[in-house]
There are 6 protein chains.
Amino acid sequence: MKNRVLSIDERKRVAHHELGHALVALSFPRGDGVHKISIIPRGIAALGYTMQAPTEDRFLMTESELKDKVATLLGGRAAEELIYDEVSTGAHDDLSKATDIARSMVKTFGMSARVGQVSFEKDRRSLMLQPPGEPPFRGEYSDQTARAIDDEVRRIIDEQRDRATEILARLHEVLLRAAQVLLAKETISGQELRDLLAAYRPSEAAAEPPTTSDIHAM
Amino acid sequence: MKNRVLSIDERKRVAHHELGHALVALSFPRGDGVHKISIIPRGIAALGYTMQAPTEDRFLMTESELKDKVATLLGGRAAEELIYDEVSTGAHDDLSKATDIARSMVKTFGMSARVGQVSFEKDRRSLMLQPPGEPPFRGEYSDQTARAIDDEVRRIIDEQRDRATEILARLHEVLLRAAQVLLAKETISGQELRDLLAAYRPSEAAAEPPTTSDIHAM
Amino acid sequence: MKNRVLSIDERKRVAHHELGHALVALSFPRGDGVHKISIIPRGIAALGYTMQAPTEDRFLMTESELKDKVATLLGGRAAEELIYDEVSTGAHDDLSKATDIARSMVKTFGMSARVGQVSFEKDRRSLMLQPPGEPPFRGEYSDQTARAIDDEVRRIIDEQRDRATEILARLHEVLLRAAQVLLAKETISGQELRDLLAAYRPSEAAAEPPTTSDIHAM
Amino acid sequence: MKNRVLSIDERKRVAHHELGHALVALSFPRGDGVHKISIIPRGIAALGYTMQAPTEDRFLMTESELKDKVATLLGGRAAEELIYDEVSTGAHDDLSKATDIARSMVKTFGMSARVGQVSFEKDRRSLMLQPPGEPPFRGEYSDQTARAIDDEVRRIIDEQRDRATEILARLHEVLLRAAQVLLAKETISGQELRDLLAAYRPSEAAAEPPTTSDIHAM
Amino acid sequence: MKNRVLSIDERKRVAHHELGHALVALSFPRGDGVHKISIIPRGIAALGYTMQAPTEDRFLMTESELKDKVATLLGGRAAEELIYDEVSTGAHDDLSKATDIARSMVKTFGMSARVGQVSFEKDRRSLMLQPPGEPPFRGEYSDQTARAIDDEVRRIIDEQRDRATEILARLHEVLLRAAQVLLAKETISGQELRDLLAAYRPSEAAAEPPTTSDIHAM
Amino acid sequence: MKNRVLSIDERKRVAHHELGHALVALSFPRGDGVHKISIIPRGIAALGYTMQAPTEDRFLMTESELKDKVATLLGGRAAEELIYDEVSTGAHDDLSKATDIARSMVKTFGMSARVGQVSFEKDRRSLMLQPPGEPPFRGEYSDQTARAIDDEVRRIIDEQRDRATEILARLHEVLLRAAQVLLAKETISGQELRDLLAAYRPSEAAAEPPTTSDIHAM
């Protein structure tokens with residue numbers, strides 16, 4: 001088996017992609033602090049990663065925090081579009097996670113006014129107890145409801161994609177400059193990125209990150 | 001593993017959420033008496049809880065009692081919206097329970113005039129006896145019926161959400177004051193809450209609670 | 001575990017519910033004779049019961065006999081509505097049985113002119129023999145047919161509900177008086193109910209009941 | 001367990017039902033010869049039976065032979081409607097068999113011009129070999145096609161029901177007279193029925209039956 | 001068990017049916033050569049058979065070759081309609097095979113301009129590896145696509161049925177004469193049929209058949 | 001078992017088909033380099049093959065690279081249509097692969113503006129862990145979404161088919177000449193094909209192929 005090494009073009013794309021996540025995250029004041037951005041591949045799947053303050057040990061998340069998370073996830077792809085005018089397959093995991101969050105907002109957390117506070121959550125515990133061949137949960141709602149859910153998930157994704165795109169369009173120069181640094185050093189800290197950001201647009205510089213960390217890999 | 005402690009903001013939100021349940025429940029004369037409200041986390045899932053007179057050992061429940069139960073479940077979320085203008089993920093279990101009750105009202109108890117006294121209840125016993133891969137129950141009704149069921153579940157949920165919201169809007173001051181007490185003491189009794197309520201709106205003070213108890217956790 | 005005893009309100013509702021079944025049954029001349037009505041709870045599920053002449057050993061039942069059975073099943077709930085203006089969860093088993101009969105009339109016995117003499121009966125024996133994952137029977141008909149079946153089941157249920165309601169409206173006084181007797185004695189015989197009925201409306205008094213018995217429990 | 005004996009009313013209905021099958025069958029010249037009609041219950045399910053020339057060992061059946069078979073199956077119910085003005089549950093097996101034949105005509109034998117010579121037959125052999133959970137065959141056609149199939153099955157059933165009803169309306173007197181004989185003797189031969197038929201309407205008398213026999217039970 | 005022997009009528013129908021396949025096949029120049037036609041039953045299912053040059057070891061088949069195959073399969077039924085004005089159950093296997101080919105043309109081989117070069121082929125290997133209860137493949141396409149597929153399968157079948165019918169209408173006399181010979185001799189060779197054909201319409205006589213053989217049974 | 005050898009006609013068709021893949025691939029500058037084209041059958045399924053620079057070890061693929069891949073897959077069939085005016089069954093594996101790529105572009109990689117950046121990817125890992133009979137993933141979206149996905153997959157396939165057809169129409173002479181060479185030599189190198197191409201249309205000659213290889217078999 002040959003040695004798997006990213007091409008120059010792939011490395012550049014990964015750098016812009018990861019910085020897309022990081023710069024969108026940094027533009028939110030509420031603690032989506034960025035610790036580290038790296039383009040050193042990790043494990044079998046990650047070509048690069050952005051380490052953020054974790055949300056997994058949060059007890060509660062508000063609707064706007066979930067939206068910020070979706071925007072951050074879509075930031076990698078938005079950066080690719082901004083720089084290369086076309087996207088790659090590298091964003092598929094981001095899309096999958098963003099869709100999961102948007103779908104939960106609509107189906108589990110009642111955060112869509114159109115769908116309402118009805119829960120379409122599947123109780124996985126009871127599924128374990130029921131006999132094989134048990135009716136699919138799908139049967140619980142009509143195609144009209146399925147359509148409303150699809151439309152709302154799409155709306156949330158579209159709104160946060162636009163938000164990520166606008167943020168990065170504003171930070172275009174920082175994105176380009178930070179990518180040069182990241183390609184040279186392979187890893188930069190959240191502080192370094194905040195310093196770069198402050199140099200270009202002081203008002204965008206975010207607060208100190210929390211002390212624990214969460215990893216956002218491409 | 002680090003010590004999981006709620007942040008100040010989370011504790012405040014939990015207090016308002018639990019008092020939302022409690023104040024809605026107290027506004028119903030029929031025995032939805034409240035024994036205790038607490039924001040001391042319990043077990044792995046509950047961030048706070050409201051202990052109410054139980055309904056599990058009731059032999060019969062009327063349509064209006066089921067509606068009160070739905071309104072009480074949605075009261076936590078209504079309080080969050082009232083105070084914070086946006087909701088959190090903390091209400092998902094309430095939404096799931098409220099949906100289950102509303103769905104049973106429509107599909108099992110014939111409490112929707114639009115859907116009628118037709119039962120769409122799944123006989124779980126016979127399911128146990130049938131071979132795997134047996135046709136899903138969904139096949140028993142058309143998409144037109146599925147749509148009527150969805151619409152009626154939604155209507156019940158919407159009506160009770162509005163009712164919970166109106167109750168709490170009326171009790172805004174009590175909600176704020178009671179939350180201060182709850183945050184300070186961590187636990188208050190139903191009597192203390194009734195006393196607070198009487199101080200503000202004597203006519204709202206509810207009857208003594210039953211002697212057994214039921215727990216409503218966030 | 002505490003001693004499960006029905007409240008006064010629940011006992012009253014059960015009495016009216018059971019007498020709803022019994023009085024509707026008595027109004028049919030054809031042998032839906034009533035042997036006994038009781039509000040002594042039986043087993044784990046029944047809060048009261050009405051013992052009727054059995055139909056399980058009938059070889060054939062006509063369309064009008066099946067309709068009488070549906071009306072009798074819905075009589076309990078009709079009585080609750082008449083007396084309390086709102087229904088309870090206590091009728092769910094009645095609704096489930098009434099729906100099963102109505103659905104069989106439409107899908108198995110060809111008793112709906114709109115759906116026709118096509119059988120949509122599932123041959124359970126062949127299902128046992130087929131491999132798991134076998135196509136659901138649902139596939140055998142279109143959504144248009146599913147809709148026609150739903151509408152016809154609904155029509156049968158609605159017609160028999162109206163019929164039960166009319167019968168009980170006519171017998172309102174007997175219903176109230178008989179409930180007083182039943183609450184006092186806990187059990188009354190079919191003959192006692194027929195005597196009460198004769199006292200109020202002699203022409204409604206039904207024929208002697210058959211000698212075997214069938215139980216209709218709430 | 002009590003001795004299961006049919007009531008007088010049930011016996012009468014069974015007699016008319018079986019003669020409905022027999023008289024419709026006799027009106028077809030092509031060998032649907034009737035050997036024996038009986039109202040002595042047989043086994044656990046049959047309340048009466050009509051023994052006909054078998055078709056199971058036929059190698060080929062034509063479209064008109066299949067239609068005659070459907071009409072004969074629906075003859076029992078047509079007789080009940082003619083005599084009693086309402087049907088019973090006794091015809092459900094006839095309906096199920098008639099539906100199976102009509103469905104095969106449409107889905108397997110290409111005998112519906114509207115559905116065409118497309119086969120929607122499920123290959124049961126290959127189903128045995130495929131893994132559990134294999135996609136349902138239903139997926140092979142659209143709801144538009146399912147609707148066309150439903151409509152055509154319905155059309156075939158309706159046409160043959162009308163045909164059976166017309167035949168029996170013409171033979172009303174024979175039906176009544178033959179039932180008297182059958183109720184008295186419990187069993188009559190096909191020849192006796194043909195003789196009765198000849199006495200009333202000589203031209204309707206059918207040819208000699210084949211020598212092997214097939215049983216049509218109620 | 002009695003000796004299963006075809007009736008005279010059945011033998012005649014089988015002869016015309018098999019010659020329907022053979023004469024349609026002979027009218028295609030491209031190697032659908034006919035070796036032998038027989039009305040001696042074979043095995044448990046075949047009442048007669050037409051032995052043709054095999055296509056199973058072909059590496060590639062063109063769209064027009066597949067259409068010829070469909071027309072040949074429908075030739076048996078077309079002959080029955082031509083001679084008897086009504087069809088029998090004998091063609092069901094032909095219909096099933098013709099439908100399979102037409103469906104593959106549309107779903108697997110991209111031979112429908114309306115459906116396009118999208119493949120709706122189910123990868124059976126991966127199905128073997130997935131857990132039971134895996135989502136049905138049906139989910140991969142909408143009802144709109146299912147409708148387009150149904151319509152195109154129907155169109156292909158209709159076009160080839162018309163083609164088979166036209167061919168046989170032209171060869172009506174040969175069909176009648178060849179059936180007399182086949183009924184007398186029970187088996188005729190492809191050469192004998194070609195000779196008959198040449199006697200009536202010399203220009204229709206087909207080329208020599210290939211040396212290997214394929215069997216087309218009724 | 002007889003010796004399976006392709007006929008002359010089949011060999012010609014295979015040659016044109018493989019050269020269709022190769023010439024479309026060569027017309028893309030970005031590394032879809034062609035190493036070898038052969039019409040020597042390989043293994044049980046491949047009648048010929050085109051060996052290309054592999055993409056399996058690519059870390060990222062852009063949208064336009066995926067489109068080129070679809071066009072290359074459809075090039076074999078486009079060549080058949082160009083030369084023979086009708087297609088064969090030989091392209092079914094190409095169609096299946098092209099459909100998979102197009103479907104992934106729409107459902108996984110968010111590359112359809114109409115469907116949006118919502119992911120409809122099925123998480124296969126979690127499927128392994130869930131109990132048999134688990135709800136089908138299909139339930140996750142409405143028929144409206146299924147229709148949008150179908151339309152977009154179709155659009156991508158159609159666009160790339162047109163592109164492949166245009167490329168080959170331009171290279172018609174090279175295709176004919178290269179097929180003569182391939183039929184004579186059975187195998188030609190990518191360089192030989194590039195030389196032929198350069199002789200006819202110098203500007204079309206592609207860059208050197210990468211050093212690793214990928215096989216595209218018919």
# chains A, B, ... in the order shown; residues from 1 in each chain; ligands from 1

$ select_by_dssp --residues "region 29-83 of chain A" --states "strand (DSSP E)" --output "PyMOL selection string"
chain A and resi 34-38+49-52

$ residues_around --residues "Leu60 (chain B)" --least-positions-apart "2" --cutoff "12 Å" --atoms "only C-alpha atoms" --output "PDB file with C-alpha atoms, in the first residue's frame"
ATOM      1  CA  THR B  55     -52.036  10.566  38.016  1.00  0.00           C
ATOM      2  CA  GLU B  56     -50.549   7.160  37.300  1.00  0.00           C
ATOM      3  CA  ASP B  57     -52.877   5.404  39.752  1.00  0.00           C
ATOM      4  CA  ARG B  58     -55.937   7.123  38.388  1.00  0.00           C
ATOM      5  CA  THR B  62     -61.320  13.024  31.644  1.00  0.00           C
ATOM      6  CA  GLU B  63     -60.579  14.970  28.484  1.00  0.00           C
ATOM      7  CA  SER B  64     -60.091  18.203  30.423  1.00  0.00           C
ATOM      8  CA  GLU B  65     -57.705  16.534  32.863  1.00  0.00           C
ATOM      9  CA  LEU B  66     -55.594  15.327  29.937  1.00  0.00           C
ATOM     10  CA  PHE B 109     -59.532   7.905  23.265  1.00  0.00           C
TER      11      PHE B 109
ATOM     12  CA  VAL C   5     -59.807   2.028  45.175  1.00  0.00           C
ATOM     13  CA  LEU C   6     -61.969   4.001  42.772  1.00  0.00           C
ATOM     14  CA  SER C   7     -62.971   7.475  43.854  1.00  0.00           C
ATOM     15  CA  ILE C   8     -66.646   8.362  44.222  1.00  0.00           C
ATOM     16  CA  ASP C   9     -66.526  10.289  40.969  1.00  0.00           C
ATOM     17  CA  GLU C  10     -64.961   7.379  39.166  1.00  0.00           C
ATOM     18  CA  ARG C  11     -67.553   4.928  40.550  1.00  0.00           C
ATOM     19  CA  LYS C  12     -70.360   7.180  39.343  1.00  0.00           C
ATOM     20  CA  ARG C  13     -68.860   7.471  35.905  1.00  0.00           C
ATOM     21  CA  VAL C  14     -68.374   3.711  35.693  1.00  0.00           C
ATOM     22  CA  HIS C  17     -70.895   4.027  31.456  1.00  0.00           C
ATOM     23  CA  ALA C  45     -58.456  -3.965  33.797  1.00  0.00           C
ATOM     24  CA  ALA C  46     -62.223  -3.963  34.279  1.00  0.00           C
ATOM     25  CA  LEU C  47     -63.700  -1.218  36.445  1.00  0.00           C
ATOM     26  CA  GLU C  80     -70.659   9.622  29.745  1.00  0.00           C
ATOM     27  CA  VAL C  87     -65.636  11.799  27.952  1.00  0.00           C
ATOM     28  CA  SER C  88     -62.942   9.901  29.811  1.00  0.00           C
ATOM     29  CA  THR C  89     -60.195   7.467  28.930  1.00  0.00           C
ATOM     30  CA  GLY C  90     -62.428   4.621  30.104  1.00  0.00           C
ATOM     31  CA  ALA C  91     -63.954   4.009  26.673  1.00  0.00           C
ATOM     32  CA  HIS C  92     -60.744   3.193  24.820  1.00  0.00           C
ATOM     33  CA  MET C 218     -65.289  -1.260  31.124  1.00  0.00           C
TER      34      MET C 218
END

$ residues_around --residues "region 143-149 of chain B" --least-positions-apart "6" --cutoff "7 Å" --atoms "only C-alpha atoms" --output "list in words"
Tyr141, Ser142 and Gln144 of chain A; Val106 and Val115 of chain B; Arg147 of chain C

$ write_last_selection --atoms "C-alpha atoms" --output "PDB file, in the first residue's frame"
ATOM      1  CA  TYR A 141     -46.967  11.223  10.500  1.00  0.00           C
ATOM      2  CA  SER A 142     -48.418  12.145   7.152  1.00  0.00           C
ATOM      3  CA  GLN A 144     -47.834  16.709   4.623  1.00  0.00           C
TER       4      GLN A 144
ATOM      5  CA  VAL B 106     -56.804  11.597  19.043  1.00  0.00           C
ATOM      6  CA  VAL B 115     -60.955  12.210  13.580  1.00  0.00           C
TER       7      VAL B 115
ATOM      8  CA  ARG C 147     -59.183   6.352   1.974  1.00  0.00           C
TER       9      ARG C 147
END
